[in-house]
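J.: Next comes the structure file model_33.cif, holding mmCIF, C-alpha atoms and all ligand atoms.
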data_start
loop_
_atom_site.label_atom_id
_atom_site.label_comp_id
_atom_site.auth_asym_id
_atom_site.auth_seq_id
_atom_site.Cartn_x
_atom_site.Cartn_y
_atom_site.Cartn_z
CA MET F 92 0.00 0.00 0.00
CA TYR F 93 2.75 2.49 0.99
CA GLY F 94 4.73 1.32 -2.07
CA LEU F 95 2.12 2.86 -4.38
CA LEU F 96 1.95 6.09 -2.44
CA ARG F 97 5.74 6.23 -2.39
CA THR F 98 5.97 5.93 -6.16
CA ALA F 99 3.66 8.94 -6.47
CA LEU F 100 5.42 10.95 -3.74
CA PHE F 101 8.86 10.30 -5.23
CA GLN F 102 7.73 12.03 -8.45
CA THR F 103 7.84 15.29 -6.50
CA SER F 104 10.71 17.04 -4.69
CA PRO F 105 11.58 15.63 -1.25
CA GLU F 106 10.18 18.65 0.57
CA THR F 107 6.93 18.65 -1.43
CA ALA F 108 6.64 14.90 -0.84
CA HIS F 109 7.16 15.49 2.88
CA GLU F 110 4.33 18.03 3.03
CA LEU F 111 2.00 15.92 0.87
CA ALA F 112 2.67 12.79 2.92
CA LEU F 113 2.05 14.51 6.24
CA GLU F 114 -1.08 16.31 5.02
CA SER F 115 -2.46 13.03 3.61
CA LEU F 116 -1.67 11.32 6.87
CA ARG F 117 -3.49 14.04 8.77
CA LEU F 118 -6.53 13.62 6.52
CA ALA F 119 -6.44 9.83 6.86
CA HIS F 120 -6.22 10.21 10.63
CA THR F 121 -9.18 12.61 10.69
CA PHE F 122 -11.26 9.91 8.99
CA GLY F 123 -10.01 7.23 11.37
CA ALA F 124 -8.13 5.37 8.63
CA THR F 125 -4.66 5.34 10.18
CA GLY F 126 -5.68 2.93 12.94
CA LEU F 127 -5.94 0.28 10.21
CA VAL F 128 -2.22 0.42 9.36
CA CYS F 129 -1.06 0.06 12.93
CA LYS F 130 -0.28 -3.58 13.53
CA ALA F 131 2.55 -3.23 16.04
CA GLN F 132 2.24 -5.59 18.98
CA SER F 133 2.57 -4.39 22.51
CA ASP F 134 6.11 -4.71 23.88
CA PRO F 135 6.12 -2.47 26.93
CA VAL F 136 9.30 -1.20 28.52
CA GLN F 137 10.26 1.40 31.12
CA VAL F 138 13.15 3.72 30.19
CA MET F 139 14.13 7.08 31.79
CA GLY F 140 11.32 6.37 34.28
CA LEU F 141 8.74 6.56 31.44
CA ASP F 142 6.43 3.80 30.22
CA PHE F 143 6.76 3.03 26.51
CA PRO F 144 4.27 0.70 24.75
CA ASN F 145 7.14 -0.44 22.51
CA ARG F 146 10.77 0.56 21.84
CA VAL F 147 10.33 2.08 18.38
CA GLY F 148 10.17 5.85 18.05
CA LEU F 149 9.93 8.49 15.34
CA ALA F 150 13.17 10.50 15.20
CA ALA F 151 13.28 14.31 15.39
CA GLY F 152 12.94 16.42 12.26
CA MET F 153 9.90 14.87 10.60
CA ASP F 154 7.48 17.01 12.63
CA LYS F 155 9.60 20.01 13.53
CA ASN F 156 6.65 22.15 14.66
CA GLY F 157 4.39 19.61 16.34
CA ASP F 158 1.77 20.06 13.61
CA TYR F 159 1.18 16.33 13.06
CA ILE F 160 1.50 14.77 16.52
CA ASP F 161 -1.90 13.07 16.59
CA ALA F 162 -1.62 11.65 13.07
CA LEU F 163 1.95 10.37 13.55
CA GLY F 164 1.02 9.11 17.00
CA SER F 165 -1.64 6.85 15.51
CA LEU F 166 0.85 4.74 13.53
CA GLY F 167 1.96 2.41 16.31
CA PHE F 168 5.16 4.16 17.39
CA GLY F 169 6.18 3.67 21.01
CA PHE F 170 7.12 7.36 21.13
CA ILE F 171 7.32 10.45 18.97
CA GLU F 172 10.00 13.15 19.05
CA ILE F 173 9.08 16.57 17.65
CA GLY F 174 11.43 19.50 16.84
CA THR F 175 14.15 20.61 16.55
CA VAL F 176 12.62 23.86 17.69
CA THR F 177 14.45 27.16 18.25
CA PRO F 178 13.38 30.17 20.38
CA ARG F 179 12.51 32.33 17.36
CA PRO F 180 11.02 31.12 14.06
CA GLN F 181 13.56 30.84 11.24
CA PRO F 182 13.33 29.88 7.55
CA GLY F 183 16.35 27.56 7.34
CA ASN F 184 18.67 27.36 4.34
CA PRO F 185 17.69 28.16 0.73
CA LYS F 186 16.01 25.37 -1.29
CA PRO F 187 16.76 22.82 -2.62
CA ARG F 188 18.08 21.49 0.67
CA VAL F 189 16.85 17.89 0.86
CA PHE F 190 17.98 15.16 -1.56
CA ARG F 191 17.06 11.49 -1.99
CA LEU F 192 19.70 8.86 -2.71
CA ALA F 193 17.09 6.23 -3.38
CA ARG F 194 19.42 3.42 -4.40
CA ALA F 195 21.10 3.56 -1.00
CA GLU F 196 17.84 4.22 0.90
CA ALA F 197 19.48 7.43 2.06
CA MET F 198 18.93 11.18 2.20
CA ILE F 199 21.08 14.28 2.47
CA ASN F 200 19.60 17.36 4.11
CA ARG F 201 20.82 20.83 4.93
CA LEU F 202 17.52 22.22 6.19
CA GLY F 203 19.15 24.28 8.94
CA PHE F 204 16.45 24.12 11.63
CA ASN F 205 13.61 25.60 9.58
CA ASN F 206 10.83 25.92 12.15
CA LYS F 207 7.96 28.12 13.36
CA GLY F 208 9.53 28.84 16.74
CA VAL F 209 8.95 27.45 20.22
CA ASP F 210 5.71 29.36 20.93
CA HIS F 211 4.01 27.70 17.96
CA LEU F 212 5.27 24.23 18.92
CA VAL F 213 4.12 24.64 22.52
CA LYS F 214 0.59 25.51 21.35
CA ARG F 215 0.51 22.40 19.20
CA ALA F 216 1.90 20.17 21.94
CA ALA F 217 -0.62 21.56 24.45
CA ALA F 218 -3.51 20.86 22.06
CA ARG F 219 -2.50 17.26 21.29
CA ARG F 220 -4.82 14.32 21.86
CA TYR F 221 -2.02 11.78 21.50
CA LYS F 222 -1.56 10.07 24.86
CA GLY F 223 1.78 8.37 24.14
CA VAL F 224 5.29 9.44 25.03
CA LEU F 225 6.27 12.80 23.47
CA GLY F 226 9.87 13.97 23.26
CA ILE F 227 10.62 17.60 22.38
CA ASN F 228 13.95 18.36 20.73
CA ILE F 229 15.44 21.82 21.31
CA GLY F 230 18.19 23.80 19.59
CA LYS F 231 19.47 27.32 19.06
CA ASN F 232 18.77 29.93 16.39
CA PHE F 233 21.33 30.08 13.57
CA ASP F 234 22.27 33.69 14.40
CA THR F 235 22.82 33.10 18.12
CA PRO F 236 26.58 32.85 18.71
CA ASN F 237 27.80 29.80 20.63
CA GLU F 238 28.78 31.99 23.60
CA ARG F 239 25.06 32.71 24.02
CA ALA F 240 23.76 29.29 23.01
CA VAL F 241 22.87 28.41 26.61
CA GLU F 242 20.31 31.22 26.65
CA ASP F 243 18.55 29.76 23.58
CA TYR F 244 18.45 26.25 25.03
CA LEU F 245 17.15 27.57 28.35
CA ALA F 246 14.48 29.67 26.62
CA CYS F 247 13.20 26.57 24.78
CA PHE F 248 13.62 24.34 27.84
CA ASP F 249 11.45 26.63 30.03
CA LYS F 250 8.65 26.72 27.46
CA VAL F 251 8.54 23.07 26.45
CA TYR F 252 9.04 21.67 29.96
CA PRO F 253 5.35 21.39 30.94
CA HIS F 254 4.47 19.69 27.63
CA ALA F 255 7.29 17.18 27.20
CA ASP F 256 7.68 13.64 28.52
CA TYR F 257 11.39 14.04 27.80
CA ILE F 258 13.48 16.85 26.31
CA THR F 259 16.30 16.30 23.81
CA VAL F 260 19.24 18.69 23.66
CA ASN F 261 20.35 18.74 20.04
CA ILE F 262 24.03 19.61 19.77
CA SER F 263 24.71 17.51 16.70
CA SER F 264 22.96 18.83 13.59
CA PRO F 265 25.59 19.58 10.94
CA ASN F 266 23.56 22.36 9.32
CA THR F 267 23.87 25.06 11.97
CA VAL F 268 27.39 26.47 11.86
CA GLY F 269 29.36 25.69 15.03
CA LEU F 270 26.53 23.74 16.72
CA ARG F 271 28.55 20.55 17.01
CA ASP F 272 31.30 22.45 18.85
CA LEU F 273 28.92 22.34 21.81
CA GLN F 274 29.87 18.66 22.09
CA GLY F 275 33.34 19.70 23.31
CA GLU F 276 33.90 18.92 26.99
CA ALA F 277 33.95 22.47 28.42
CA ALA F 278 31.04 23.79 26.33
CA LEU F 279 29.00 20.65 27.04
CA ARG F 280 29.63 20.85 30.77
CA GLY F 281 28.45 24.48 30.77
CA LEU F 282 25.32 23.77 28.72
CA LEU F 283 24.22 20.59 30.51
CA GLY F 284 25.03 22.08 33.91
CA ALA F 285 22.78 25.06 33.19
CA LEU F 286 19.96 22.79 32.01
CA ALA F 287 20.29 20.51 35.03
CA GLU F 288 20.11 23.50 37.36
CA ARG F 289 17.04 24.87 35.56
CA ARG F 290 15.41 21.45 35.79
CA GLU F 291 15.76 21.56 39.58
CA THR F 292 13.68 24.72 39.67
CA LEU F 293 11.14 23.58 37.09
CA SER F 294 10.62 20.16 38.65
CA THR F 295 9.64 21.81 41.94
CA GLU F 296 7.35 24.23 40.14
CA HIS F 297 5.65 21.57 37.99
CA HIS F 298 5.94 18.63 40.44
CA ARG F 299 7.49 16.57 37.66
CA ARG F 300 11.11 15.78 36.79
CA VAL F 301 11.37 15.68 33.02
CA PRO F 302 14.19 13.44 31.73
CA ILE F 303 16.80 15.03 29.47
CA ALA F 304 18.46 13.26 26.50
CA VAL F 305 21.54 14.52 24.66
CA LYS F 306 21.69 13.90 20.91
CA VAL F 307 25.18 13.36 19.51
CA ALA F 308 26.85 13.18 16.10
CA PRO F 309 28.17 10.03 14.41
CA ASP F 310 31.36 11.87 13.42
CA LEU F 311 32.88 11.97 16.91
CA ASP F 312 36.26 10.29 17.36
CA GLU F 313 36.82 7.91 20.28
CA PRO F 314 38.15 10.55 22.71
CA GLY F 315 35.16 12.73 21.75
CA ILE F 316 32.72 9.91 22.55
CA ASP F 317 34.49 9.18 25.82
CA SER F 318 34.39 12.80 26.92
CA ILE F 319 30.63 12.91 26.28
CA ALA F 320 30.26 9.67 28.22
CA HIS F 321 32.07 11.39 31.08
CA VAL F 322 30.14 14.69 31.12
CA VAL F 323 26.61 13.33 30.53
CA PRO F 324 26.29 11.31 33.77
CA GLU F 325 28.21 13.93 35.73
CA ALA F 326 25.55 16.48 34.72
CA GLY F 327 22.75 14.09 35.73
CA MET F 328 21.43 13.57 32.21
CA ASP F 329 19.11 10.63 31.61
CA ALA F 330 19.90 9.45 28.09
CA VAL F 331 22.03 9.83 24.98
CA ILE F 332 20.56 9.65 21.49
CA ALA F 333 23.09 8.23 19.04
CA THR F 334 23.16 9.51 16.35
CA ASN F 335 22.32 12.48 14.18
CA THR F 336 23.26 12.61 10.45
CA THR F 337 26.86 12.37 9.20
CA ILE F 338 28.89 14.90 7.22
CA GLU F 339 30.91 12.00 5.80
CA ARG F 340 29.82 10.07 2.72
CA PRO F 341 30.34 6.37 3.47
CA GLY F 342 29.35 4.07 0.63
CA VAL F 343 27.52 6.58 -1.55
CA GLU F 344 30.35 7.51 -3.94
CA GLY F 345 29.09 7.97 -7.46
CA LEU F 346 25.42 8.21 -6.52
CA GLN F 347 23.48 11.24 -7.71
CA HIS F 348 23.44 14.01 -5.03
CA ALA F 349 26.20 12.33 -3.00
CA GLY F 350 28.23 15.53 -3.34
CA GLU F 351 25.56 17.80 -1.84
CA THR F 352 26.48 19.56 1.40
CA GLY F 353 24.54 18.44 4.47
CA GLY F 354 23.90 15.50 6.75
CA LEU F 355 23.62 12.00 5.31
CA SER F 356 21.01 9.67 6.84
CA GLY F 357 19.60 6.22 6.12
CA GLY F 358 21.33 2.97 5.16
CA PRO F 359 24.89 4.30 4.65
CA LEU F 360 24.88 5.88 8.13
CA ARG F 361 24.12 2.66 9.97
CA GLU F 362 27.63 1.33 10.53
CA LYS F 363 28.95 4.62 11.93
CA ALA F 364 25.90 5.15 14.13
CA ASP F 365 26.16 1.58 15.45
CA ALA F 366 29.85 2.03 16.28
CA VAL F 367 29.14 5.20 18.30
CA LEU F 368 26.24 3.48 20.05
CA ALA F 369 28.35 0.46 21.02
CA ARG F 370 31.19 2.60 22.38
CA LEU F 371 28.78 4.78 24.35
CA ARG F 372 27.20 1.71 25.93
CA GLN F 373 30.63 0.57 27.10
CA ALA F 374 31.61 4.00 28.39
CA LEU F 375 28.36 5.11 30.03
CA PRO F 376 27.04 3.90 33.37
CA GLU F 377 23.96 1.66 33.19
CA ARG F 378 21.68 4.36 34.58
CA VAL F 379 22.11 6.47 31.44
CA ALA F 380 19.74 5.14 28.78
CA LEU F 381 20.66 4.91 25.10
CA ILE F 382 18.43 5.61 22.13
CA GLY F 383 19.85 4.13 18.94
CA VAL F 384 19.12 5.93 15.67
CA GLY F 385 20.75 5.96 12.26
CA GLY F 386 20.21 3.71 9.27
CA ILE F 387 17.31 1.54 10.41
CA THR F 388 15.51 0.43 7.27
CA ARG F 389 14.68 -3.16 8.32
CA GLY F 390 13.52 -4.77 11.54
CA ALA F 391 16.86 -6.59 11.91
CA HIS F 392 18.70 -3.24 12.08
CA ALA F 393 16.57 -2.20 15.04
CA ALA F 394 17.11 -5.54 16.79
CA HIS F 395 20.86 -5.13 16.25
CA LYS F 396 20.86 -1.73 17.95
CA ILE F 397 19.17 -3.33 20.97
CA GLU F 398 21.86 -6.01 20.93
CA LEU F 399 24.52 -3.27 20.95
CA GLY F 400 22.98 -1.81 24.08
CA ALA F 401 20.20 0.53 22.98
CA ASP F 402 17.16 0.73 25.25
CA LEU F 403 15.02 2.32 22.55
CA VAL F 404 15.42 3.03 18.82
CA GLN F 405 14.24 5.70 16.40
CA PHE F 406 14.22 6.21 12.65
CA TYR F 407 13.47 8.93 10.13
CA THR F 408 14.81 8.00 6.68
CA GLY F 409 13.61 4.39 6.91
CA PHE F 410 10.09 5.75 7.36
CA VAL F 411 10.39 7.70 4.10
CA TYR F 412 11.44 4.55 2.19
CA ARG F 413 9.40 1.88 3.98
CA GLY F 414 6.38 3.72 5.44
CA PRO F 415 4.53 2.76 8.63
CA ASP F 416 5.14 -0.98 8.12
CA LEU F 417 8.67 -0.40 9.37
CA VAL F 418 7.29 0.18 12.89
CA THR F 419 5.70 -3.27 12.97
CA ASP F 420 8.80 -4.82 11.38
CA CYS F 421 11.05 -3.39 14.07
CA VAL F 422 8.81 -4.29 17.00
CA ASN F 423 8.41 -7.84 15.70
CA ALA F 424 12.14 -8.27 15.05
CA MET F 425 13.00 -7.13 18.57
CA VAL F 426 10.47 -9.44 20.16
CA ALA F 427 11.69 -12.35 18.01
CA ALA F 428 15.34 -11.62 18.89
CA ARG F 429 14.51 -11.66 22.60
CA THR F 430 12.50 -14.84 22.34
CA ALA F 431 15.34 -16.56 20.46
CA ALA F 432 17.98 -15.44 23.00
C1 LIG N 501 15.21 15.66 6.51
C2 LIG N 501 15.75 15.43 7.89
C3 LIG N 501 15.58 16.39 8.88
C4 LIG N 501 16.09 16.17 10.16
N1 LIG N 501 15.89 17.11 11.14
C5 LIG N 501 16.36 16.89 12.39
C6 LIG N 501 16.13 17.82 13.43
O1 LIG N 501 15.48 18.84 13.24
N2 LIG N 501 16.65 17.54 14.66
C7 LIG N 501 17.36 16.40 14.93
O2 LIG N 501 17.79 16.20 16.06
N3 LIG N 501 17.57 15.49 13.96
C8 LIG N 501 17.08 15.71 12.72
N4 LIG N 501 17.29 14.77 11.75
C9 LIG N 501 18.10 13.57 12.07
C10 LIG N 501 17.24 12.37 12.41
O3 LIG N 501 16.45 12.60 13.56
C11 LIG N 501 18.12 11.14 12.65
O4 LIG N 501 18.94 11.36 13.78
C12 LIG N 501 19.03 10.82 11.46
O5 LIG N 501 18.37 11.08 10.24
C13 LIG N 501 19.52 9.37 11.46
O6 LIG N 501 18.44 8.48 11.44
P1 LIG N 501 17.86 7.81 10.10
O7 LIG N 501 19.02 7.18 9.38
O8 LIG N 501 16.84 6.83 10.58
O9 LIG N 501 17.25 8.91 9.29
C14 LIG N 501 16.80 14.97 10.45
C15 LIG N 501 16.95 14.01 9.45
C16 LIG N 501 16.43 14.22 8.18
C17 LIG N 501 16.63 13.16 7.12
#
When written as structure tokens, how does the structure in this file appear?
T.:
Amino acid sequence: MYGLLRTALFQTSPETAHELALESLRLAHTFGATGLVCKAQSDPVQVMGLDFPNRVGLAAGMDKNGDYIDALGSLGFGFIEIGTVTPRPQPGNPKPRVFRLARAEAMINRLGFNNKGVDHLVKRAAARRYKGVLGINIGKNFDTPNERAVEDYLACFDKVYPHADYITVNISSPNTVGLRDLQGEAALRGLLGALAERRETLSTEHHRRVPIAVKVAPDLDEPGIDSIAHVVPEAGMDAVIATNTTIERPGVEGLQHAGETGGLSGGPLREKADAVLARLRQALPERVALIGVGGITRGAHAAHKIELGADLVQFYTGFVYRGPDLVTDCVNAMVAARTAA
């Protein structure tokens, strides 16, 4: 069924296809039709103190503004992450800025945090009917210098706090100049320390401690991974999401669009993302959860991330190529892998 829709969508540009797909999904959900596609079995798990109906989530970036939470939430995902959102609305980079590398089940994007701003997202999150786990992913505006980045993250953090089940600190998108420098030990300690302190205040005010996840890049070297694994627990963070898109181009040489600037996602990212995930699991204490993302296009890829130490998984690009069936595939593969073990 999705195969047919995909053929039609792929006749248009990736961004037009994205809008058409989400608007059609919204319409289908309004008429109650999306419940029919959701075949994922229940596979409940508790992570970060939250109850998830299954371990398969939608990665950040598909619903940057929270405009499609209810529709996406009806597809059987165990959780949905919206954003990245910034304090002020911003248009992102000039188009074209998203490219399909269909033969590799991959994409390259240089969107640059196009979004309607945190006030819009908060309205949408507050109005949601979706009862499942909602993560909200926060970032900084492109014109905020890194020395003032903490202010942007805090501004978003304050506003999304009452509406989020968990909050993701995105310091790993390659399309905002200098953003990934926030992964450096001193900058990271400053940022996470400020967020942890603000959480103390907000958790008293709202009578709820919202878990914080830190989303990292796949392009970190081993000392870089180890320093994150050192700072994250020290700052009292609850989870690491590994990984964002890569600026490298593994295995896509010669494919159309492979030379475009931006972050590569999908199949060719998997090996790098898995390597970062595995090293983080070794370096982090047990109490810090891991969310594995990057290159899941089949159920077996999701099961492998669990084997490497992920507590939960997410995908974005796999959803573009495989549609909602990928949720069921992943849940089933994980259950089967556990049963076989
Ligand atoms: C078009 C596009 C937009 C994205 N936007 C965001 C974003 O706003 N924030 C973020 O943290 N990750 C963003 N991502 C990264 C994904 O959440 C995910 O980490 C990455 O694509 C690797 O997973 P995948 O191979 O399953 O796509 C984006 C990815 C794509 C393809």
J.: Please identify the residues whose atoms come within 7 Å of ligand LIG 501 (chain N), using all atoms listed in the file, and report them as JSON, numbers by chain.
T.: {"F": [150, 151, 152, 153, 155, 174, 175, 189, 198, 199, 200, 202, 204, 228, 261, 264, 306, 334, 335, 336, 356, 357, 358, 360, 361, 384, 385, 386, 387, 405, 406, 407, 408, 409]}
J.: Provide the atom CA of F:Asp142 to atom CA of F:Pro415 distance in Å, to one decimal place.
T.: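 We find that atom CA of F:Asp142 and atom CA of F:Pro415 lie 21.7 Å from each other.
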J.: One decimal, in Å: what's the spacing between atom CA of F:Leu311 and atom CA of F:Pro236?
T.: 21.9 Å
J.: Mind checking which residues fall within 9 Å of stretch 93-99 of chain F, counting all atoms listed in the file, ignoring those fewer than 2 positions away in the same chain, and posting them as JSON, numbers by chain?
T.: {"F": [101, 102, 103, 108, 112, 411, 412, 413, 414, 415, 416]}
J.: Skip F:Ile229 itself and residues of its chain fewer than 3 positions away, then list as an NGL selection string all residues within 8 Å of it, counting all atoms listed in the file.
T.: :F and (174-177 or 244 or 247-248 or 258-261)
J.: Smallest atom-to-atom distance to F:Gly164: which of F:Ala394, F:Leu100, F:Ala366, F:Val418, using all atoms listed in the file?
T.: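 Looking at the shortest contact to F:Gly164, the residue is F:Val418.
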J.: For stretch 377-406 of chain F, write N, CA and C atoms out as a PDB file, in the first residue's frame.
T.:
ATOM      1  N   GLU F 377      25.255   2.289  33.496  1.00  0.00           N
ATOM      2  CA  GLU F 377      23.956   1.662  33.186  1.00  0.00           C
ATOM      3  C   GLU F 377      22.773   2.611  33.305  1.00  0.00           C
ATOM      4  N   ARG F 378      22.853   3.518  34.313  1.00  0.00           N
ATOM      5  CA  ARG F 378      21.683   4.360  34.580  1.00  0.00           C
ATOM      6  C   ARG F 378      21.398   5.370  33.469  1.00  0.00           C
ATOM      7  N   VAL F 379      22.357   5.588  32.581  1.00  0.00           N
ATOM      8  CA  VAL F 379      22.108   6.473  31.442  1.00  0.00           C
ATOM      9  C   VAL F 379      21.585   5.621  30.282  1.00  0.00           C
ATOM     10  N   ALA F 380      20.359   5.927  29.849  1.00  0.00           N
ATOM     11  CA  ALA F 380      19.741   5.139  28.776  1.00  0.00           C
ATOM     12  C   ALA F 380      20.324   5.540  27.423  1.00  0.00           C
ATOM     13  N   LEU F 381      20.178   4.627  26.462  1.00  0.00           N
ATOM     14  CA  LEU F 381      20.665   4.910  25.101  1.00  0.00           C
ATOM     15  C   LEU F 381      19.531   4.722  24.093  1.00  0.00           C
ATOM     16  N   ILE F 382      19.406   5.701  23.225  1.00  0.00           N
ATOM     17  CA  ILE F 382      18.434   5.607  22.133  1.00  0.00           C
ATOM     18  C   ILE F 382      19.228   5.508  20.838  1.00  0.00           C
ATOM     19  N   GLY F 383      19.075   4.389  20.146  1.00  0.00           N
ATOM     20  CA  GLY F 383      19.855   4.127  18.935  1.00  0.00           C
ATOM     21  C   GLY F 383      19.093   4.589  17.703  1.00  0.00           C
ATOM     22  N   VAL F 384      19.737   5.424  16.900  1.00  0.00           N
ATOM     23  CA  VAL F 384      19.117   5.928  15.674  1.00  0.00           C
ATOM     24  C   VAL F 384      20.188   6.091  14.606  1.00  0.00           C
ATOM     25  N   GLY F 385      19.799   5.828  13.373  1.00  0.00           N
ATOM     26  CA  GLY F 385      20.745   5.958  12.258  1.00  0.00           C
ATOM     27  C   GLY F 385      20.752   4.706  11.410  1.00  0.00           C
ATOM     28  N   GLY F 386      20.098   4.774  10.252  1.00  0.00           N
ATOM     29  CA  GLY F 386      20.207   3.708   9.266  1.00  0.00           C
ATOM     30  C   GLY F 386      19.274   2.533   9.446  1.00  0.00           C
ATOM     31  N   ILE F 387      18.260   2.656  10.281  1.00  0.00           N
ATOM     32  CA  ILE F 387      17.308   1.540  10.411  1.00  0.00           C
ATOM     33  C   ILE F 387      16.348   1.563   9.230  1.00  0.00           C
ATOM     34  N   THR F 388      16.462   0.550   8.376  1.00  0.00           N
ATOM     35  CA  THR F 388      15.512   0.431   7.267  1.00  0.00           C
ATOM     36  C   THR F 388      14.850  -0.953   7.238  1.00  0.00           C
ATOM     37  N   ARG F 389      15.255  -1.806   8.177  1.00  0.00           N
ATOM     38  CA  ARG F 389      14.684  -3.159   8.318  1.00  0.00           C
ATOM     39  C   ARG F 389      14.585  -3.469   9.806  1.00  0.00           C
ATOM     40  N   GLY F 390      13.682  -4.399  10.144  1.00  0.00           N
ATOM     41  CA  GLY F 390      13.521  -4.773  11.543  1.00  0.00           C
ATOM     42  C   GLY F 390      14.825  -5.262  12.164  1.00  0.00           C
ATOM     43  N   ALA F 391      15.612  -6.018  11.382  1.00  0.00           N
ATOM     44  CA  ALA F 391      16.859  -6.589  11.908  1.00  0.00           C
ATOM     45  C   ALA F 391      17.832  -5.490  12.362  1.00  0.00           C
ATOM     46  N   HIS F 392      17.801  -4.343  11.685  1.00  0.00           N
ATOM     47  CA  HIS F 392      18.696  -3.242  12.078  1.00  0.00           C
ATOM     48  C   HIS F 392      18.325  -2.710  13.466  1.00  0.00           C
ATOM     49  N   ALA F 393      17.041  -2.674  13.731  1.00  0.00           N
ATOM     50  CA  ALA F 393      16.572  -2.204  15.039  1.00  0.00           C
ATOM     51  C   ALA F 393      16.963  -3.207  16.119  1.00  0.00           C
ATOM     52  N   ALA F 394      16.766  -4.491  15.821  1.00  0.00           N
ATOM     53  CA  ALA F 394      17.109  -5.538  16.790  1.00  0.00           C
ATOM     54  C   ALA F 394      18.612  -5.494  17.076  1.00  0.00           C
ATOM     55  N   HIS F 395      19.414  -5.199  16.057  1.00  0.00           N
ATOM     56  CA  HIS F 395      20.862  -5.134  16.249  1.00  0.00           C
ATOM     57  C   HIS F 395      21.239  -3.978  17.183  1.00  0.00           C
ATOM     58  N   LYS F 396      20.560  -2.857  17.047  1.00  0.00           N
ATOM     59  CA  LYS F 396      20.863  -1.727  17.952  1.00  0.00           C
ATOM     60  C   LYS F 396      20.559  -2.105  19.408  1.00  0.00           C
ATOM     61  N   ILE F 397      19.504  -2.869  19.612  1.00  0.00           N
ATOM     62  CA  ILE F 397      19.173  -3.327  20.970  1.00  0.00           C
ATOM     63  C   ILE F 397      20.299  -4.243  21.480  1.00  0.00           C
ATOM     64  N   GLU F 398      20.751  -5.099  20.589  1.00  0.00           N
ATOM     65  CA  GLU F 398      21.863  -6.010  20.934  1.00  0.00           C
ATOM     66  C   GLU F 398      23.119  -5.221  21.331  1.00  0.00           C
ATOM     67  N   LEU F 399      23.343  -4.097  20.657  1.00  0.00           N
ATOM     68  CA  LEU F 399      24.524  -3.269  20.951  1.00  0.00           C
ATOM     69  C   LEU F 399      24.359  -2.446  22.229  1.00  0.00           C
ATOM     70  N   GLY F 400      23.160  -2.486  22.803  1.00  0.00           N
ATOM     71  CA  GLY F 400      22.981  -1.813  24.081  1.00  0.00           C
ATOM     72  C   GLY F 400      21.953  -0.698  24.099  1.00  0.00           C
ATOM     73  N   ALA F 401      21.239  -0.503  22.979  1.00  0.00           N
ATOM     74  CA  ALA F 401      20.196   0.533  22.976  1.00  0.00           C
ATOM     75  C   ALA F 401      19.007   0.073  23.816  1.00  0.00           C
ATOM     76  N   ASP F 402      18.388   1.016  24.504  1.00  0.00           N
ATOM     77  CA  ASP F 402      17.155   0.729  25.245  1.00  0.00           C
ATOM     78  C   ASP F 402      15.940   0.972  24.362  1.00  0.00           C
ATOM     79  N   LEU F 403      16.088   1.944  23.464  1.00  0.00           N
ATOM     80  CA  LEU F 403      15.019   2.323  22.546  1.00  0.00           C
ATOM     81  C   LEU F 403      15.672   2.598  21.192  1.00  0.00           C
ATOM     82  N   VAL F 404      14.884   2.640  20.126  1.00  0.00           N
ATOM     83  CA  VAL F 404      15.423   3.031  18.823  1.00  0.00           C
ATOM     84  C   VAL F 404      14.503   4.074  18.185  1.00  0.00           C
ATOM     85  N   GLN F 405      15.029   4.759  17.192  1.00  0.00           N
ATOM     86  CA  GLN F 405      14.238   5.704  16.404  1.00  0.00           C
ATOM     87  C   GLN F 405      14.660   5.585  14.943  1.00  0.00           C
ATOM     88  N   PHE F 406      13.795   6.038  14.048  1.00  0.00           N
ATOM     89  CA  PHE F 406      14.218   6.206  12.648  1.00  0.00           C
ATOM     90  C   PHE F 406      13.486   7.369  12.019  1.00  0.00           C
TER      91      PHE F 406
END
